[in-house]
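Below: my_file39.pdb (PDB, C-alpha atoms and all ligand atoms)
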```pdb
ATOM      1  CA  MET C   1     -10.995  51.613  81.325
ATOM      2  CA  LYS C   2     -12.176  50.790  84.854
ATOM      3  CA  ARG C   3     -10.429  53.027  87.360
ATOM      4  CA  ALA C   4     -10.810  53.004  91.155
ATOM      5  CA  ILE C   5      -9.394  55.146  93.876
ATOM      6  CA  PHE C   6      -8.137  53.494  97.070
ATOM      7  CA  PRO C   7      -8.413  56.271  99.646
ATOM      8  CA  GLY C   8      -7.022  56.152 103.161
ATOM      9  CA  SER C   9      -4.704  57.623 105.745
ATOM     10  CA  PHE C  10      -2.017  54.962 105.214
ATOM     11  CA  ASP C  11      -0.127  56.110 108.306
ATOM     12  CA  PRO C  12       1.747  53.890 107.520
ATOM     13  CA  PHE C  13       0.792  51.826 104.418
ATOM     14  CA  THR C  14       0.775  48.155 105.520
ATOM     15  CA  ILE C  15       0.880  44.759 103.867
ATOM     16  CA  GLY C  16      -2.903  44.640 104.479
ATOM     17  CA  HIS C  17      -3.364  47.736 102.271
ATOM     18  CA  TYR C  18      -0.900  46.334  99.734
ATOM     19  CA  SER C  19      -2.855  43.092  99.453
ATOM     20  CA  ILE C  20      -6.143  44.959  98.850
ATOM     21  CA  VAL C  21      -4.535  46.931  95.986
ATOM     22  CA  GLN C  22      -2.989  43.799  94.440
ATOM     23  CA  ARG C  23      -6.339  42.021  94.525
ATOM     24  CA  GLY C  24      -8.084  45.160  93.279
ATOM     25  CA  LEU C  25      -5.912  44.983  90.162
ATOM     26  CA  THR C  26      -7.762  41.797  89.186
ATOM     27  CA  ILE C  27     -10.979  43.859  89.062
ATOM     28  CA  PHE C  28      -9.799  47.312  87.916
ATOM     29  CA  ASP C  29      -7.484  48.392  85.098
ATOM     30  CA  GLU C  30      -5.986  51.164  87.189
ATOM     31  CA  ILE C  31      -5.967  52.062  90.886
ATOM     32  CA  VAL C  32      -5.129  55.502  92.221
ATOM     33  CA  VAL C  33      -4.047  55.256  95.855
ATOM     34  CA  GLY C  34      -5.228  58.509  97.456
ATOM     35  CA  ILE C  35      -3.458  59.689 100.574
ATOM     36  CA  GLY C  36      -5.971  61.773 102.481
ATOM     37  CA  ASN C  37      -4.156  64.783 103.861
ATOM     38  CA  ASN C  38      -6.626  66.002 106.452
ATOM     39  CA  GLN C  39      -4.981  68.989 108.150
ATOM     40  CA  ALA C  40      -6.992  68.420 111.346
ATOM     41  CA  LYS C  41      -5.712  64.840 111.706
ATOM     42  CA  LYS C  42      -2.258  64.500 113.226
ATOM     43  CA  THR C  43      -0.218  61.765 111.552
ATOM     44  CA  LEU C  44       3.064  60.055 112.382
ATOM     45  CA  PHE C  45       4.305  60.164 108.790
ATOM     46  CA  SER C  46       4.094  63.270 106.611
ATOM     47  CA  ALA C  47       1.981  63.030 103.463
ATOM     48  CA  GLU C  48       5.187  63.222 101.373
ATOM     49  CA  LYS C  49       6.763  60.322 103.284
ATOM     50  CA  ARG C  50       3.586  58.249 102.889
ATOM     51  CA  LEU C  51       3.636  59.011  99.150
ATOM     52  CA  GLU C  52       7.265  57.879  98.923
ATOM     53  CA  ILE C  53       6.555  54.608 100.790
ATOM     54  CA  ILE C  54       3.552  53.702  98.612
ATOM     55  CA  ARG C  55       5.332  54.591  95.348
ATOM     56  CA  GLU C  56       8.206  52.360  96.436
ATOM     57  CA  ALA C  57       5.789  49.478  97.125
ATOM     58  CA  PHE C  58       4.389  49.693  93.571
ATOM     59  CA  ILE C  59       7.530  50.664  91.711
ATOM     60  CA  ASP C  60       7.066  47.753  89.280
ATOM     61  CA  GLU C  61       3.310  48.186  88.821
ATOM     62  CA  ALA C  62       2.465  50.861  86.249
ATOM     63  CA  ARG C  63      -1.276  50.403  86.826
ATOM     64  CA  VAL C  64      -1.003  51.850  90.338
ATOM     65  CA  LYS C  65      -0.713  55.642  90.757
ATOM     66  CA  VAL C  66      -0.296  57.436  94.058
ATOM     67  CA  GLN C  67      -1.516  60.927  94.920
ATOM     68  CA  ILE C  68      -2.050  63.128  97.947
ATOM     69  CA  TYR C  69      -5.472  64.764  98.203
ATOM     70  CA  ASN C  70      -6.933  67.412 100.470
ATOM     71  CA  SER C  71     -10.554  67.309  99.311
ATOM     72  CA  LEU C  72     -13.593  65.158  99.982
ATOM     73  CA  THR C  73     -13.066  61.590  98.772
ATOM     74  CA  ILE C  74     -15.877  61.852  96.190
ATOM     75  CA  ASP C  75     -14.305  65.023  94.749
ATOM     76  CA  PHE C  76     -10.968  63.231  94.543
ATOM     77  CA  ALA C  77     -12.697  60.335  92.726
ATOM     78  CA  ARG C  78     -14.145  62.779  90.202
ATOM     79  CA  GLU C  79     -10.773  64.507  89.661
ATOM     80  CA  ALA C  80      -9.107  61.121  89.171
ATOM     81  CA  LYS C  81     -11.900  60.142  86.714
ATOM     82  CA  ALA C  82     -12.596  57.045  88.815
ATOM     83  CA  GLY C  83     -15.998  55.397  88.938
ATOM     84  CA  PHE C  84     -15.231  53.278  91.994
ATOM     85  CA  ILE C  85     -13.872  53.516  95.515
ATOM     86  CA  LEU C  86     -11.946  50.461  96.695
ATOM     87  CA  ARG C  87     -11.856  49.674 100.429
ATOM     88  CA  GLY C  88     -10.846  46.758 102.625
ATOM     89  CA  LEU C  89     -12.805  45.135 105.431
ATOM     90  CA  ARG C  90     -11.356  43.378 108.458
ATOM     91  CA  THR C  91     -13.935  43.407 111.220
ATOM     92  CA  VAL C  92     -17.567  44.077 112.050
ATOM     93  CA  ALA C  93     -16.449  47.490 113.298
ATOM     94  CA  ASP C  94     -14.992  48.214 109.837
ATOM     95  CA  PHE C  95     -18.301  47.136 108.300
ATOM     96  CA  GLU C  96     -20.411  49.708 110.158
ATOM     97  CA  TYR C  97     -18.008  52.496 109.241
ATOM     98  CA  GLU C  98     -17.612  51.466 105.601
ATOM     99  CA  ARG C  99     -21.356  51.098 105.095
ATOM    100  CA  THR C 100     -22.045  54.605 106.388
ATOM    101  CA  ILE C 101     -19.421  56.312 104.222
ATOM    102  CA  GLY C 102     -20.055  54.039 101.225
ATOM    103  CA  ASP C 103     -23.795  54.823 101.233
ATOM    104  CA  THR C 104     -23.130  58.537 101.716
ATOM    105  CA  ASN C 105     -20.624  58.635  98.871
ATOM    106  CA  ARG C 106     -22.960  56.785  96.493
ATOM    107  CA  ILE C 107     -25.961  58.971  97.335
ATOM    108  CA  LEU C 108     -23.936  62.175  96.925
ATOM    109  CA  SER C 109     -21.997  61.250  93.787
ATOM    110  CA  GLY C 110     -23.118  57.943  92.278
ATOM    111  CA  VAL C 111     -19.645  56.496  92.880
ATOM    112  CA  GLU C 112     -19.891  52.869  94.023
ATOM    113  CA  THR C 113     -17.704  51.449  96.781
ATOM    114  CA  VAL C 114     -16.205  48.014  96.158
ATOM    115  CA  ILE C 115     -15.143  46.240  99.327
ATOM    116  CA  LEU C 116     -12.762  43.300  99.555
ATOM    117  CA  PHE C 117     -12.518  41.164 102.676
ATOM    118  CA  THR C 118      -9.031  41.050 104.087
ATOM    119  CA  GLU C 119      -6.938  37.942 103.693
ATOM    120  CA  ALA C 120      -7.070  36.095 107.024
ATOM    121  CA  ALA C 121      -3.306  36.392 107.463
ATOM    122  CA  TYR C 122      -3.597  40.206 107.437
ATOM    123  CA  ALA C 123      -6.781  40.628 109.455
ATOM    124  CA  HIS C 124      -4.862  41.742 112.549
ATOM    125  CA  ILE C 125      -2.681  44.245 110.717
ATOM    126  CA  SER C 126      -3.529  47.883 111.331
ATOM    127  CA  SER C 127      -1.735  51.193 110.952
ATOM    128  CA  THR C 128      -2.711  52.056 114.533
ATOM    129  CA  VAL C 129      -0.894  49.009 115.938
ATOM    130  CA  ALA C 130       2.062  49.659 113.613
ATOM    131  CA  ARG C 131       2.367  53.226 114.978
ATOM    132  CA  GLU C 132       2.150  51.941 118.557
ATOM    133  CA  LEU C 133       4.963  49.448 117.909
ATOM    134  CA  ILE C 134       7.092  52.141 116.257
ATOM    135  CA  SER C 135       6.624  54.377 119.289
ATOM    136  CA  TYR C 136       8.204  51.612 121.428
ATOM    137  CA  GLY C 137      11.065  51.188 118.971
ATOM    138  CA  LYS C 138       9.899  47.785 117.698
ATOM    139  CA  ASP C 139      10.612  46.412 114.234
ATOM    140  CA  ILE C 140       7.474  46.471 112.075
ATOM    141  CA  SER C 141       8.915  45.007 108.885
ATOM    142  CA  ALA C 142       6.412  42.102 109.097
ATOM    143  CA  PHE C 143       3.623  44.710 108.784
ATOM    144  CA  LEU C 144       5.031  46.298 105.646
ATOM    145  CA  PRO C 145       4.704  45.430 101.932
ATOM    146  CA  PRO C 146       7.614  43.591 100.311
ATOM    147  CA  ASN C 147      10.516  45.955  99.389
ATOM    148  CA  VAL C 148       9.376  48.671 101.784
ATOM    149  CA  LYS C 149      11.482  49.881 104.663
ATOM    150  CA  ILE C 150      10.591  52.750 106.951
TER
HETATM  151  P1  LIG D 201      -8.968  55.346 106.838
HETATM  152  O1  LIG D 201      -8.422  56.331 107.836
HETATM  153  O2  LIG D 201      -9.633  55.993 105.660
HETATM  154  O3  LIG D 201      -9.791  54.224 107.406
HETATM  155  P2  LIG D 201      -6.768  53.472 106.578
HETATM  156  O4  LIG D 201      -5.428  53.840 106.064
HETATM  157  O5  LIG D 201      -6.873  53.087 108.002
HETATM  158  O6  LIG D 201      -7.670  54.718 106.206
HETATM  159  O7  LIG D 201      -7.394  52.293 105.708
HETATM  160  C1  LIG D 201      -7.665  52.394 104.334
HETATM  161  C2  LIG D 201      -8.499  51.188 103.886
HETATM  162  O8  LIG D 201      -7.752  49.999 104.049
HETATM  163  C3  LIG D 201      -9.779  50.985 104.712
HETATM  164  O9  LIG D 201     -10.797  50.496 103.850
HETATM  165  C4  LIG D 201      -9.395  49.928 105.711
HETATM  166  O10 LIG D 201     -10.504  49.182 106.177
HETATM  167  C5  LIG D 201      -8.475  49.079 104.846
HETATM  168  N1  LIG D 201      -7.529  48.283 105.630
HETATM  169  C6  LIG D 201      -6.717  48.693 106.615
HETATM  170  N2  LIG D 201      -5.969  47.679 107.093
HETATM  171  C7  LIG D 201      -6.340  46.571 106.387
HETATM  172  C8  LIG D 201      -5.973  45.186 106.430
HETATM  173  N3  LIG D 201      -5.075  44.725 107.294
HETATM  174  N4  LIG D 201      -6.573  44.351 105.555
HETATM  175  C9  LIG D 201      -7.499  44.827 104.680
HETATM  176  N5  LIG D 201      -7.907  46.102 104.606
HETATM  177  C10 LIG D 201      -7.340  46.969 105.444
END
```

Using the file provided, produce a representation of the structure as structure tokens.
Ligand code: ADP
Amino acid sequence: MKRAIFPGSFDPFTIGHYSIVQRGLTIFDEIVVGIGNNQAKKTLFSAEKRLEIIREAFIDEARVKVQIYNSLTIDFAREAKAGFILRGLRTVADFEYERTIGDTNRILSGVETVILFTEAAYAHISSTVARELISYGKDISAFLPPNVKI
């Protein structure tokens, strides 16, 4: 059984995240989406609301589990009995960040990071822009996975 965690803030979970998980399911038997609940980081959506949104997105996919975690990502991977960390890559800026944390996580725990390049159609989609649009009262349904409403 190949299990990966897909950790992130998911504030909110977008169609870009959704696509990475769907494609990850062609590589892994099971994916645990881990909602990092860093107390120091202020979020627009509560961890419980983010959990609800992501569970709704994968309601028909039994191979996807969703959990909130408060620990280091590598400790969450160990708890979830996952040998892999799944991440998505959009830009060169993402690359620098992902390489640093991916190398650190592997050196500290042996857990490998598997990175998928974003689908071109979703390369511009980010939670930061989604939050900005929400703050101006704009509709962000085009940013969200199918069947999800916020
Ligand atoms: P974090 O705060 O840990 O970066 P995010 O919720 O922003 O969490 O992102 C989680 C993962 O999803 C990261 O690997 C990020 O690069 C990836 N990601 C975010 N948006 C997209 C997108 N539109 N396409 C592909 N991957 C994405």

Kindly assemble as CSV a list of the chain C residues that lie within 10 Å of ligand LIG 201 (chain D), each paired with its nearest atom pair and their distance in Å to one decimal, using all atoms listed in the file, sorted first by chain and then by ascending residue number.
```
residue,atom,partner,partner_atom,distance
C:Phe6,CA,D:LIG201,C2,7.2
C:Pro7,CA,D:LIG201,C1,6.1
C:Gly8,CA,D:LIG201,O6,3.4
C:Ser9,CA,D:LIG201,O4,3.9
C:Phe10,CA,D:LIG201,O4,3.7
C:Asp11,CA,D:LIG201,O4,6.2
C:Pro12,CA,D:LIG201,O4,7.3
C:Phe13,CA,D:LIG201,O4,6.7
C:Thr14,CA,D:LIG201,N2,6.9
C:Ile15,CA,D:LIG201,N3,6.9
C:Gly16,CA,D:LIG201,N3,3.6
C:His17,CA,D:LIG201,C10,5.1
C:Tyr18,CA,D:LIG201,N4,8.4
C:Ser19,CA,D:LIG201,C9,7.2
C:Ile20,CA,D:LIG201,C9,6.0
C:Val21,CA,D:LIG201,O8,9.2
C:Val33,CA,D:LIG201,C1,9.7
C:Gly34,CA,D:LIG201,C1,9.5
C:Ile35,CA,D:LIG201,O4,8.3
C:Gly36,CA,D:LIG201,O2,7.5
C:Asn38,CA,D:LIG201,O1,9.9
C:Lys41,CA,D:LIG201,O1,9.7
C:Thr73,CA,D:LIG201,O2,9.5
C:Ile85,CA,D:LIG201,O9,9.4
C:Leu86,CA,D:LIG201,O9,7.2
C:Arg87,CA,D:LIG201,O9,3.7
C:Gly88,CA,D:LIG201,N5,3.6
C:Leu89,CA,D:LIG201,O10,4.7
C:Arg90,CA,D:LIG201,C9,5.6
C:Thr91,CA,D:LIG201,O10,8.4
C:Ala93,CA,D:LIG201,O10,9.4
C:Asp94,CA,D:LIG201,O10,5.9
C:Phe95,CA,D:LIG201,O10,8.3
C:Tyr97,CA,D:LIG201,O3,8.6
C:Glu98,CA,D:LIG201,O9,7.1
C:Ile101,CA,D:LIG201,O2,9.9
C:Thr113,CA,D:LIG201,O9,9.9
C:Val114,CA,D:LIG201,O9,9.7
C:Ile115,CA,D:LIG201,O9,7.6
C:Leu116,CA,D:LIG201,C9,7.5
C:Phe117,CA,D:LIG201,C9,6.5
C:Thr118,CA,D:LIG201,C9,4.1
C:Glu119,CA,D:LIG201,N4,6.7
C:Ala120,CA,D:LIG201,N4,8.4
C:Ala121,CA,D:LIG201,N3,8.5
C:Tyr122,CA,D:LIG201,N3,4.8
C:Ala123,CA,D:LIG201,N3,4.9
C:His124,CA,D:LIG201,N3,6.0
C:Ile125,CA,D:LIG201,N3,4.2
C:Ser126,CA,D:LIG201,N2,4.9
C:Ser127,CA,D:LIG201,O5,6.2
C:Thr128,CA,D:LIG201,O5,7.8
C:Phe143,CA,D:LIG201,N3,8.8
```

Find the nearest atom pair between each residue of stretch 57-76 of chain C and stretch 23-32 of chain C for residues within 10 Å, count all atoms listed in the file, give distances in Å to one decimal, sort rows by chain and ascending number, and present the table as JSON lines.
```
{"residue": "C:Glu61", "atom": "CA", "partner": "C:Leu25", "partner_atom": "CA", "distance": 9.9}
{"residue": "C:Ala62", "atom": "CA", "partner": "C:Glu30", "partner_atom": "CA", "distance": 8.5}
{"residue": "C:Arg63", "atom": "CA", "partner": "C:Glu30", "partner_atom": "CA", "distance": 4.8}
{"residue": "C:Val64", "atom": "CA", "partner": "C:Ile31", "partner_atom": "CA", "distance": 5.0}
{"residue": "C:Lys65", "atom": "CA", "partner": "C:Val32", "partner_atom": "CA", "distance": 4.7}
{"residue": "C:Val66", "atom": "CA", "partner": "C:Val32", "partner_atom": "CA", "distance": 5.5}
{"residue": "C:Gln67", "atom": "CA", "partner": "C:Val32", "partner_atom": "CA", "distance": 7.1}
{"residue": "C:Phe76", "atom": "CA", "partner": "C:Val32", "partner_atom": "CA", "distance": 10.0}
```

- On this structure, which residues satisfy the PyMOL selection byres (((chain C and resi 146) around 8) and not hetatm), written as JSON, numbers by chain? {"C": [15, 57, 144, 145, 147, 148]}

- Message: I'd like to know which of C:Arg50, C:Arg131, C:Lys138, C:Arg99 is closest to C:Glu112, using only C-alpha atoms.
- Response: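 Closest to C:Glu112, using only C-alpha atoms: C:Arg99.
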
So which residues get picked by the PyMOL selection byres (((chain C and resi 111) around 12) and not hetatm) here, written as a short mmCIF file (atom, residue, chain, number, x, y, z; two decimals) with C-alpha atoms, keeping the file's coordinate frame?
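Dumped to result-v6.cif:
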```
data_model
loop_
_atom_site.label_atom_id
_atom_site.label_comp_id
_atom_site.auth_asym_id
_atom_site.auth_seq_id
_atom_site.Cartn_x
_atom_site.Cartn_y
_atom_site.Cartn_z
CA ARG C 3 -10.43 53.03 87.36
CA ALA C 4 -10.81 53.00 91.16
CA ILE C 5 -9.39 55.15 93.88
CA THR C 73 -13.07 61.59 98.77
CA ILE C 74 -15.88 61.85 96.19
CA ASP C 75 -14.30 65.02 94.75
CA PHE C 76 -10.97 63.23 94.54
CA ALA C 77 -12.70 60.34 92.73
CA ARG C 78 -14.14 62.78 90.20
CA LYS C 81 -11.90 60.14 86.71
CA ALA C 82 -12.60 57.04 88.82
CA GLY C 83 -16.00 55.40 88.94
CA PHE C 84 -15.23 53.28 91.99
CA ILE C 85 -13.87 53.52 95.52
CA LEU C 86 -11.95 50.46 96.70
CA ILE C 101 -19.42 56.31 104.22
CA GLY C 102 -20.06 54.04 101.22
CA ASP C 103 -23.80 54.82 101.23
CA THR C 104 -23.13 58.54 101.72
CA ASN C 105 -20.62 58.64 98.87
CA ARG C 106 -22.96 56.78 96.49
CA ILE C 107 -25.96 58.97 97.34
CA LEU C 108 -23.94 62.18 96.92
CA SER C 109 -22.00 61.25 93.79
CA GLY C 110 -23.12 57.94 92.28
CA GLU C 112 -19.89 52.87 94.02
CA THR C 113 -17.70 51.45 96.78
CA VAL C 114 -16.20 48.01 96.16
#
```

Could you give me the centre and size, in Å to one decimal, of an axis-aligned box around all listed atoms of stretch 35-53 of chain C with 8 Å added on every side, as JSON?
```
{"center_x": 0.1, "center_y": 61.8, "center_z": 106.1, "size_x": 30.3, "size_y": 30.4, "size_z": 30.3}
```

- Message: From the options C:Ala142, C:Val92, C:Ile68, C:Ala130, which residue's atoms come nearest to C:Arg55, counting only C-alpha atoms?
- Response: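 Between C:Ala142, C:Val92, C:Ile68, C:Ala130, the residue approaching C:Arg55 most closely is C:Ile68.
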
Would you mind putting back N, CA, C and O atoms on stretch 81-106 of chain C, then writing it out as a short mmCIF file (atom, residue, chain, number, x, y, z; two decimals), in the coordinates of the input?
```
data_model
loop_
_atom_site.label_atom_id
_atom_site.label_comp_id
_atom_site.auth_asym_id
_atom_site.auth_seq_id
_atom_site.Cartn_x
_atom_site.Cartn_y
_atom_site.Cartn_z
N LYS C 81 -11.06 60.81 87.72
CA LYS C 81 -11.90 60.14 86.71
C LYS C 81 -12.10 58.66 87.06
O LYS C 81 -11.99 57.77 86.20
N ALA C 82 -12.39 58.41 88.34
CA ALA C 82 -12.60 57.04 88.82
C ALA C 82 -14.07 56.83 89.12
O ALA C 82 -14.71 57.68 89.73
N GLY C 83 -14.59 55.70 88.69
CA GLY C 83 -16.00 55.40 88.94
C GLY C 83 -16.22 54.58 90.20
O GLY C 83 -17.35 54.33 90.60
N PHE C 84 -15.12 54.19 90.85
CA PHE C 84 -15.23 53.28 91.99
C PHE C 84 -14.28 53.68 93.13
O PHE C 84 -13.21 54.23 92.87
N ILE C 85 -14.73 53.35 94.33
CA ILE C 85 -13.87 53.52 95.52
C ILE C 85 -13.59 52.12 96.04
O ILE C 85 -14.53 51.34 96.28
N LEU C 86 -12.34 51.78 96.17
CA LEU C 86 -11.95 50.46 96.70
C LEU C 86 -11.65 50.61 98.18
O LEU C 86 -11.00 51.57 98.60
N ARG C 87 -12.16 49.67 98.98
CA ARG C 87 -11.86 49.67 100.43
C ARG C 87 -11.66 48.24 100.90
O ARG C 87 -12.05 47.29 100.21
N GLY C 88 -11.06 48.09 102.06
CA GLY C 88 -10.85 46.76 102.62
C GLY C 88 -11.63 46.61 103.91
O GLY C 88 -11.89 47.59 104.60
N LEU C 89 -12.00 45.38 104.23
CA LEU C 89 -12.80 45.14 105.43
C LEU C 89 -12.16 44.05 106.29
O LEU C 89 -11.90 42.96 105.80
N ARG C 90 -11.93 44.38 107.54
CA ARG C 90 -11.36 43.38 108.46
C ARG C 90 -12.38 42.86 109.45
O ARG C 90 -12.48 41.68 109.70
N THR C 91 -13.11 43.76 110.06
CA THR C 91 -13.94 43.41 111.22
C THR C 91 -15.36 43.96 111.08
O THR C 91 -15.64 44.75 110.19
N VAL C 92 -16.19 43.55 112.01
CA VAL C 92 -17.57 44.08 112.05
C VAL C 92 -17.54 45.59 112.28
O VAL C 92 -18.34 46.33 111.72
N ALA C 93 -16.58 46.04 113.06
CA ALA C 93 -16.45 47.49 113.30
C ALA C 93 -16.15 48.21 111.98
O ALA C 93 -16.73 49.26 111.69
N ASP C 94 -15.27 47.63 111.16
CA ASP C 94 -14.99 48.21 109.84
C ASP C 94 -16.28 48.28 109.01
O ASP C 94 -16.54 49.24 108.32
N PHE C 95 -17.08 47.22 109.11
CA PHE C 95 -18.30 47.14 108.30
C PHE C 95 -19.22 48.33 108.55
O PHE C 95 -19.70 48.97 107.62
N GLU C 96 -19.48 48.61 109.82
CA GLU C 96 -20.41 49.71 110.16
C GLU C 96 -19.91 51.03 109.58
O GLU C 96 -20.67 51.80 109.02
N TYR C 97 -18.62 51.25 109.72
CA TYR C 97 -18.01 52.50 109.24
C TYR C 97 -18.06 52.57 107.72
O TYR C 97 -18.48 53.57 107.14
N GLU C 98 -17.66 51.48 107.07
CA GLU C 98 -17.61 51.47 105.60
C GLU C 98 -19.00 51.61 104.99
O GLU C 98 -19.17 52.24 103.96
N ARG C 99 -20.01 51.00 105.64
CA ARG C 99 -21.36 51.10 105.10
C ARG C 99 -21.84 52.55 105.14
O ARG C 99 -22.41 53.05 104.17
N THR C 100 -21.60 53.22 106.25
CA THR C 100 -22.04 54.60 106.39
C THR C 100 -21.39 55.49 105.33
O THR C 100 -22.07 56.23 104.62
N ILE C 101 -20.05 55.40 105.19
CA ILE C 101 -19.42 56.31 104.22
C ILE C 101 -19.69 55.86 102.79
O ILE C 101 -19.85 56.69 101.90
N GLY C 102 -19.78 54.54 102.58
CA GLY C 102 -20.06 54.04 101.22
C GLY C 102 -21.42 54.49 100.73
O GLY C 102 -21.58 54.96 99.61
N ASP C 103 -22.44 54.38 101.61
CA ASP C 103 -23.80 54.82 101.23
C ASP C 103 -23.80 56.33 100.98
O ASP C 103 -24.39 56.80 100.01
N THR C 104 -23.15 57.07 101.87
CA THR C 104 -23.13 58.54 101.72
C THR C 104 -22.48 58.92 100.40
O THR C 104 -23.00 59.74 99.64
N ASN C 105 -21.34 58.30 100.11
CA ASN C 105 -20.62 58.64 98.87
C ASN C 105 -21.45 58.30 97.63
O ASN C 105 -21.49 59.05 96.66
N ARG C 106 -22.15 57.16 97.66
CA ARG C 106 -22.96 56.78 96.49
C ARG C 106 -24.14 57.74 96.31
O ARG C 106 -24.43 58.18 95.20
#
```
